[in-house]
$ cat query22.txt   # compact mmCIF, C-alpha atoms (C1' of nucleotides)
# COMPACT_ATOMS: atom_id res chain seq x y z
CA MET A 647 -131.57 35.54 21.01
CA PRO A 648 -134.07 33.28 19.34
CA ALA A 649 -136.85 35.75 20.00
CA ALA A 650 -136.32 37.20 16.52
CA GLN A 651 -138.29 36.06 13.50
CA LEU A 652 -140.94 34.32 15.53
CA ALA A 653 -143.75 36.47 14.14
CA PRO A 654 -143.84 34.84 10.66
CA VAL A 655 -144.22 31.39 12.18
CA PHE A 656 -147.01 32.58 14.43
CA ALA A 657 -148.68 34.26 11.49
CA ALA A 658 -148.70 30.84 9.84
CA LEU A 659 -150.24 29.33 12.98
CA GLY A 660 -152.76 32.12 13.32
CA ASP A 661 -155.34 30.71 10.94
CA GLU A 662 -158.06 28.29 11.98
CA THR A 663 -158.06 26.41 8.67
CA ARG A 664 -154.30 25.99 8.86
CA TRP A 665 -154.62 24.50 12.33
CA GLN A 666 -157.18 22.03 11.06
CA ILE A 667 -154.80 21.07 8.28
CA LEU A 668 -151.98 20.64 10.76
CA THR A 669 -154.00 18.47 13.10
CA THR A 670 -155.16 16.38 10.15
CA LEU A 671 -151.57 15.93 9.05
CA GLY A 672 -150.71 15.15 12.66
CA THR A 673 -152.87 12.07 12.24
CA ALA A 674 -151.19 10.94 9.03
CA PRO A 675 -149.37 12.47 6.05
CA ALA A 676 -151.55 13.34 3.07
CA SER A 677 -151.56 15.02 -0.33
CA ALA A 678 -153.23 18.33 -1.09
CA SER A 679 -156.03 16.64 -3.02
CA ALA A 680 -156.67 14.13 -0.25
CA LEU A 681 -156.81 16.95 2.27
CA ALA A 682 -159.13 19.01 0.10
CA ALA A 683 -161.64 16.15 0.10
CA GLY A 684 -162.12 16.65 3.82
CA PHE A 685 -162.39 20.43 3.78
CA PRO A 686 -165.11 22.76 2.54
CA ILE A 687 -162.64 24.77 0.45
CA SER A 688 -160.94 24.22 -2.88
CA ARG A 689 -157.74 22.27 -3.40
CA GLN A 690 -156.01 25.47 -4.48
CA ALA A 691 -156.83 27.09 -1.17
CA ILE A 692 -155.38 24.06 0.62
CA VAL A 693 -152.24 24.29 -1.49
CA LYS A 694 -151.78 27.93 -0.55
CA HIS A 695 -152.10 27.03 3.12
CA LEU A 696 -149.59 24.23 2.70
CA ASP A 697 -147.18 26.66 1.05
CA VAL A 698 -147.46 28.99 4.02
CA LEU A 699 -146.95 26.14 6.48
CA GLN A 700 -143.97 24.86 4.54
CA ALA A 701 -142.39 28.33 4.38
CA ALA A 702 -142.79 28.50 8.16
CA GLY A 703 -141.03 25.16 8.49
CA LEU A 704 -144.05 23.48 10.05
CA VAL A 705 -144.60 20.99 7.24
CA GLU A 706 -142.47 19.17 4.72
CA ALA A 707 -143.33 17.98 1.23
CA ALA A 708 -142.19 14.77 -0.43
CA ARG A 709 -142.95 14.03 -4.07
CA ARG A 710 -143.98 10.44 -4.76
CA GLY A 711 -144.81 9.89 -8.40
CA ARG A 712 -147.49 12.28 -9.46
CA GLU A 713 -148.53 13.22 -5.95
CA VAL A 714 -146.92 15.37 -3.26
CA ARG A 715 -147.28 14.06 0.25
CA TYR A 716 -147.12 16.50 3.16
CA SER A 717 -146.03 15.63 6.68
CA VAL A 718 -146.18 17.75 9.79
CA LEU A 719 -142.93 18.58 11.58
CA GLY A 720 -143.77 18.12 15.22
CA ASP A 721 -140.30 18.81 16.54
CA ARG A 722 -140.45 22.27 15.03
CA LEU A 723 -143.60 23.00 16.98
CA SER A 724 -142.10 21.53 20.12
CA SER A 725 -138.99 23.67 19.99
CA LEU A 726 -141.13 26.69 19.26
CA GLY A 727 -143.14 25.86 22.35
CA ARG A 728 -140.01 25.67 24.44
CA ASP A 729 -138.91 29.06 23.12
CA LEU A 730 -142.25 30.56 24.10
CA GLU A 731 -142.11 29.05 27.55
CA ARG A 732 -138.65 30.47 28.09
CA ILE A 733 -139.59 33.96 26.90
CA GLY A 734 -142.76 34.06 28.96
CA SER A 735 -141.10 33.02 32.17
CA ALA A 736 -138.28 35.52 31.55
CA TRP A 737 -140.86 38.28 31.34
CA ASP A 738 -142.52 37.10 34.49
CA ARG A 739 -139.25 37.05 36.40
CA ARG A 740 -138.32 40.54 35.29
CA LEU A 741 -141.71 42.04 36.03
CA SER A 742 -141.96 40.50 39.46
CA SER A 743 -138.55 41.89 40.35
CA ILE A 744 -139.71 45.32 39.19
CA LYS A 745 -142.76 44.94 41.37
CA GLU A 746 -140.65 44.08 44.41
CA LEU A 747 -138.45 47.07 43.75
CA ALA A 748 -141.46 49.38 43.54
CA GLU A 749 -142.85 48.04 46.78
CA SER A 750 -139.57 48.38 48.63
CA GLU A 751 -139.26 51.99 47.47
CA GLN A 752 -142.74 52.87 48.57
CA MET B 96 -158.33 19.11 24.42
CA PRO B 97 -156.64 22.50 24.70
CA ALA B 98 -155.73 22.42 21.02
CA ALA B 99 -158.90 24.36 20.23
CA GLN B 100 -158.95 28.14 19.96
CA LEU B 101 -155.21 28.47 19.66
CA ALA B 102 -155.38 30.18 16.30
CA PRO B 103 -156.69 33.55 17.56
CA VAL B 104 -153.84 33.85 20.06
CA PHE B 105 -151.29 33.03 17.39
CA ALA B 106 -152.92 35.50 15.07
CA ALA B 107 -152.26 38.09 17.77
CA LEU B 108 -148.64 36.95 18.00
CA GLY B 109 -148.20 36.88 14.23
CA ASP B 110 -147.37 40.52 13.79
CA GLU B 111 -143.88 41.93 14.02
CA THR B 112 -144.97 45.23 15.54
CA ARG B 113 -146.98 43.39 18.17
CA TRP B 114 -143.92 41.36 19.11
CA GLN B 115 -141.90 44.52 19.53
CA ILE B 116 -144.63 45.90 21.76
CA LEU B 117 -144.66 42.72 23.80
CA THR B 118 -140.90 42.64 24.25
CA THR B 119 -140.97 46.30 25.22
CA LEU B 120 -143.64 45.59 27.80
CA GLY B 121 -141.60 42.59 28.89
CA THR B 122 -138.99 45.11 30.00
CA ALA B 123 -141.42 47.24 31.96
CA PRO B 124 -145.13 48.15 31.90
CA ALA B 125 -146.00 51.26 29.93
CA SER B 126 -148.89 53.36 28.66
CA ALA B 127 -149.95 53.58 25.01
CA SER B 128 -148.54 57.08 24.66
CA ALA B 129 -145.23 56.09 26.21
CA LEU B 130 -145.00 53.14 23.85
CA ALA B 131 -145.89 55.24 20.83
CA ALA B 132 -142.92 57.50 21.56
CA GLY B 133 -140.61 54.59 20.80
CA PHE B 134 -142.33 53.40 17.65
CA PRO B 135 -142.55 54.87 14.16
CA ILE B 136 -146.35 54.59 14.13
CA SER B 137 -149.15 56.62 15.65
CA ARG B 138 -150.53 56.16 19.15
CA GLN B 139 -153.83 55.00 17.71
CA ALA B 140 -152.08 52.18 15.88
CA ILE B 141 -150.41 51.17 19.13
CA VAL B 142 -153.76 51.22 20.91
CA LYS B 143 -155.25 48.91 18.30
CA HIS B 144 -152.37 46.48 18.75
CA LEU B 145 -152.81 46.61 22.51
CA ASP B 146 -156.51 45.87 22.08
CA VAL B 147 -155.66 42.79 20.03
CA LEU B 148 -153.09 41.64 22.58
CA GLN B 149 -155.52 42.19 25.42
CA ALA B 150 -158.29 40.27 23.65
CA ALA B 151 -155.81 37.41 23.22
CA GLY B 152 -155.08 37.51 26.94
CA LEU B 153 -151.43 38.35 26.42
CA VAL B 154 -151.57 41.76 28.07
CA GLU B 155 -153.53 43.39 30.85
CA ALA B 156 -154.54 47.02 31.30
CA ALA B 157 -154.67 48.94 34.57
CA ARG B 158 -156.05 52.45 34.76
CA ARG B 159 -154.04 54.80 36.98
CA GLY B 160 -155.44 58.29 36.99
CA ARG B 161 -155.64 59.58 33.45
CA GLU B 162 -153.32 56.97 32.02
CA VAL B 163 -153.75 53.29 31.25
CA ARG B 164 -150.76 51.13 32.02
CA TYR B 165 -150.28 47.88 30.13
CA SER B 166 -148.39 44.85 31.44
CA VAL B 167 -147.43 41.69 29.64
CA LEU B 168 -148.78 38.39 30.96
CA GLY B 169 -145.79 36.10 30.77
CA ASP B 170 -147.49 33.09 32.35
CA ARG B 171 -150.02 33.09 29.53
CA LEU B 172 -147.20 32.82 27.01
CA SER B 173 -145.52 30.15 29.06
CA SER B 174 -148.59 27.93 29.27
CA LEU B 175 -149.16 28.45 25.56
CA GLY B 176 -145.60 27.28 24.99
CA ARG B 177 -146.18 24.15 27.04
CA ASP B 178 -149.33 23.42 25.03
CA LEU B 179 -147.37 23.72 21.81
CA GLU B 180 -144.62 21.48 23.08
CA ARG B 181 -147.16 18.83 24.05
CA ILE B 182 -148.98 18.95 20.73
CA GLY B 183 -145.79 18.83 18.69
CA SER B 184 -144.36 15.85 20.51
CA ALA B 185 -147.70 14.04 20.27
CA TRP B 186 -147.56 14.45 16.48
CA ASP B 187 -144.01 13.20 16.41
CA ARG B 188 -144.86 10.11 18.41
CA ARG B 189 -147.84 9.25 16.24
CA LEU B 190 -146.00 9.78 12.97
CA SER B 191 -142.98 7.78 14.02
CA SER B 192 -145.23 4.87 14.95
CA ILE B 193 -146.88 5.09 11.53
CA LYS B 194 -143.45 5.02 9.99
CA GLU B 195 -142.45 1.91 11.91
CA LEU B 196 -145.69 0.26 10.90
CA ALA B 197 -145.06 1.03 7.23
CA GLU B 198 -141.52 -0.33 7.45
CA SER B 199 -142.59 -3.55 9.15
CA GLU B 200 -145.21 -4.10 6.46
CA GLN B 201 -142.76 -3.58 3.67
C1' DG C 1238 -159.12 79.19 35.27
C1' DG C 1239 -156.20 77.81 31.54
C1' DT C 1240 -153.03 74.64 29.50
C1' DT C 1241 -150.99 70.44 28.84
C1' DT C 1242 -151.23 65.51 28.52
C1' DC C 1243 -153.49 61.37 28.17
C1' DT C 1244 -157.30 58.58 26.45
C1' DG C 1245 -161.44 57.40 23.41
C1' DC C 1246 -164.26 57.45 19.33
C1' DA C 1247 -165.06 57.63 14.44
C1' DA C 1248 -164.23 57.90 9.59
C1' DC C 1249 -161.26 56.87 6.17
C1' DC C 1250 -157.52 54.52 3.02
C1' DA C 1251 -154.74 50.83 1.20
C1' DT C 1252 -152.64 46.53 1.23
C1' DG C 1253 -152.47 41.56 1.97
C1' DG C 1254 -154.36 37.33 2.27
C1' DA C 1255 -158.02 33.72 1.96
C1' DG C 1256 -160.69 32.07 -1.34
C1' DT C 1257 -162.38 31.29 -6.19
C1' DT C 1258 -162.28 29.67 -11.20
C1' DG C 1259 -160.12 28.14 -15.38
C1' DC C 1260 -156.79 25.82 -17.89
C1' DA C 1261 -152.44 23.39 -18.97
C1' DC C 1262 -149.24 19.73 -17.84
C1' DA C 1263 -147.66 15.27 -15.89
C1' DT C 1264 -148.36 10.61 -14.35
C1' DC C 1265 -150.65 6.28 -13.63
C1' DA C 1266 -154.00 2.66 -15.13
C1' DA C 1267 -157.17 0.45 -18.67
C1' DT D 453 -153.86 5.55 -26.67
C1' DT D 454 -157.23 7.13 -23.90
C1' DG D 455 -159.04 8.50 -19.76
C1' DA D 456 -158.68 9.58 -14.96
C1' DT D 457 -156.24 11.70 -11.31
C1' DG D 458 -153.04 14.94 -9.25
C1' DT D 459 -150.29 19.02 -9.58
C1' DG D 460 -148.95 23.88 -11.11
C1' DC D 461 -149.80 28.54 -12.73
C1' DA D 462 -152.40 32.72 -13.23
C1' DA D 463 -155.99 36.05 -12.82
C1' DC D 464 -159.59 37.65 -10.20
C1' DT D 465 -162.80 38.98 -6.06
C1' DC D 466 -163.63 40.29 -1.33
C1' DC D 467 -162.88 41.65 3.20
C1' DA D 468 -160.13 41.84 7.41
C1' DT D 469 -156.57 44.56 9.24
C1' DG D 470 -152.72 47.76 9.94
C1' DG D 471 -152.30 52.29 9.34
C1' DT D 472 -153.85 57.26 9.14
C1' DT D 473 -156.12 61.87 10.66
C1' DG D 474 -159.24 64.72 13.30
C1' DC D 475 -161.63 65.92 17.22
C1' DA D 476 -163.73 65.57 21.88
C1' DG D 477 -163.44 64.55 26.78
C1' DA D 478 -161.06 63.70 31.26
C1' DA D 479 -157.38 64.25 34.45
C1' DA D 480 -153.18 66.57 36.06
C1' DC D 481 -150.26 70.72 36.48
C1' DC D 482 -149.36 75.88 36.59

$ encode --input "query22.txt" --output "structure tokens"
Amino acid sequence: MPAAQLAPVFAALGDETRWQILTTLGTAPASASALAAGFPISRQAIVKHLDVLQAAGLVEAARRGREVRYSVLGDRLSSLGRDLERIGSAWDRRLSSIKELAESEQ
Amino acid sequence: MPAAQLAPVFAALGDETRWQILTTLGTAPASASALAAGFPISRQAIVKHLDVLQAAGLVEAARRGREVRYSVLGDRLSSLGRDLERIGSAWDRRLSSIKELAESEQ
DNA sequence: GGTTTCTGCAACCATGGAGTTGCACATCAA
DNA sequence: TTGATGTGCAACTCCATGGTTGCAGAAACC
């Protein structure tokens, strides 16, 4: 039953800025300051977004000297995608069987 | 480039109550009033959630007499899942190639 | 017709979250 | 040592959103 606790992860994905951060990190790992240089918002705002993404397990942080380098976790997104696909097709199967039942009872 | 405009859909999915509504509708279609009977919140709150889900294309509404019956759109969730899976594995491929490059340059 | 049962609209409240600024602390380079 | 760069912490503002209540209108049932 992996359908539980999906909402927090989707909440993390449900922000346009966060998606831009993710796609940027999908290109190459980067620090919060480096990211902030390419965005119209403050470094602190970027850090907050990174915290959210990290809490959702979509990003990992690695300290290297005085800087913290963030990398995207693509496999997490992939497995999430597979979960979604499974759930969606399960719904479809169930609803189509209900439909058939209704039609046969008509 | 289907990576654009994903955030709004995930924003719709990023609410626990909305997930409960979706899974309930995944069992069988229902009206807002019928749904509200099974939730600790008002019918109006349910209606607002259904509006959000409908705007995200995750649910469809069909008027039947005086009631409006909502059904979940499983194929939408499935295709969303496939998109996610694709994006995530693309990130993984790119990052692992960067890693190899860094190691060979070491 | 009268009553019940749905839906629809509007106003309202309160919390969370996205963003800001300011400052202190740590690390690297000169 | 000094300066530059990067991070961490805290307080603050603003508005989107999840929730409420109240009432009016339409459809079904008696």

$ residues_near_point --input "query22.txt" --point "(-158.0, 45.5, 1.4)" --cutoff "12 Å" --atoms "only C-alpha atoms (C1' of nucleotides)" --output "JSON, numbers by chain"
{"C": [1250, 1251, 1252, 1253, 1254, 1255], "D": [465, 466, 467, 468, 469, 470, 471]}

$ atom_distance --input "query22.txt" --atom1 "CA of Gly160 in chain B" --atom2 "C1' of DC482 in chain D"
18.6 Å

$ closest_residue --input "query22.txt" --among "A:Gln651, A:Ser717, A:Ala676, A:Ala657" --to "chain B" --atoms "all atoms listed in the file"
A:Ala657

$ closest_residue --input "query22.txt" --among "A:Asp697, A:Asp721, A:Glu713, A:Glu706" --to "chain B" --atoms "all atoms listed in the file"
A:Asp721

$ interface_residues --input "query22.txt" --of "chain D" --to "chain B" --cutoff "12 Å" --atoms "all atoms listed in the file" --output "list in words"
DT469, DG470, DG471, DT472, DT473, DG474, DG477, DA478, DA479 and DA480 of chain D

$ atom_distance --input "query22.txt" --atom1 "CA of Pro103 in chain B" --atom2 "CA of Glu662 in chain A"
7.8 Å

$ closest_residue --input "query22.txt" --among "C:DT1240, C:DC1249, C:DG1256, C:DC1262" --to "chain A" --atoms "only C-alpha atoms (C1' of nucleotides)"
C:DG1256

$ interface_residues --input "query22.txt" --of "chain A" --to "chain B" --cutoff "8 Å" --atoms "all atoms listed in the file" --output "number ranges by chain"
A: 652-662, 665, 672-674, 718-738, 740-741, 744

$ atom_distance --input "query22.txt" --atom1 "C1' of DG1245 in chain C" --atom2 "CA of Leu145 in chain B"
13.8 Å

$ residues_near_point --input "query22.txt" --point "(-146.7, 24.9, -15.0)" --cutoff "8 Å" --atoms "only C-alpha atoms (C1' of nucleotides)" --output "PyMOL selection string"
(chain C and resi 1261-1262) or (chain D and resi 460-461)

$ closest_residue --input "query22.txt" --among "C:DG1259, C:DT1242, C:DA1248, C:DT1264" --to "chain A" --atoms "all atoms listed in the file"
C:DT1264

$ closest_residue --input "query22.txt" --among "A:Arg710, A:Val705, A:Leu699, A:Ile667" --to "chain C" --atoms "all atoms listed in the file"
A:Arg710

$ axis_aligned_box --input "query22.txt" --around "range 711-728 of chain A" --padding-each-side "8 Å" --output "JSON"
{"center_x": -143.8, "center_y": 18.3, "center_z": 7.5, "size_x": 25.5, "size_y": 32.8, "size_z": 49.9}

$ closest_residue --input "query22.txt" --among "A:Glu746, A:Tyr716, A:Leu704, A:Val698" --to "chain C" --atoms "only C-alpha atoms (C1' of nucleotides)"
A:Val698
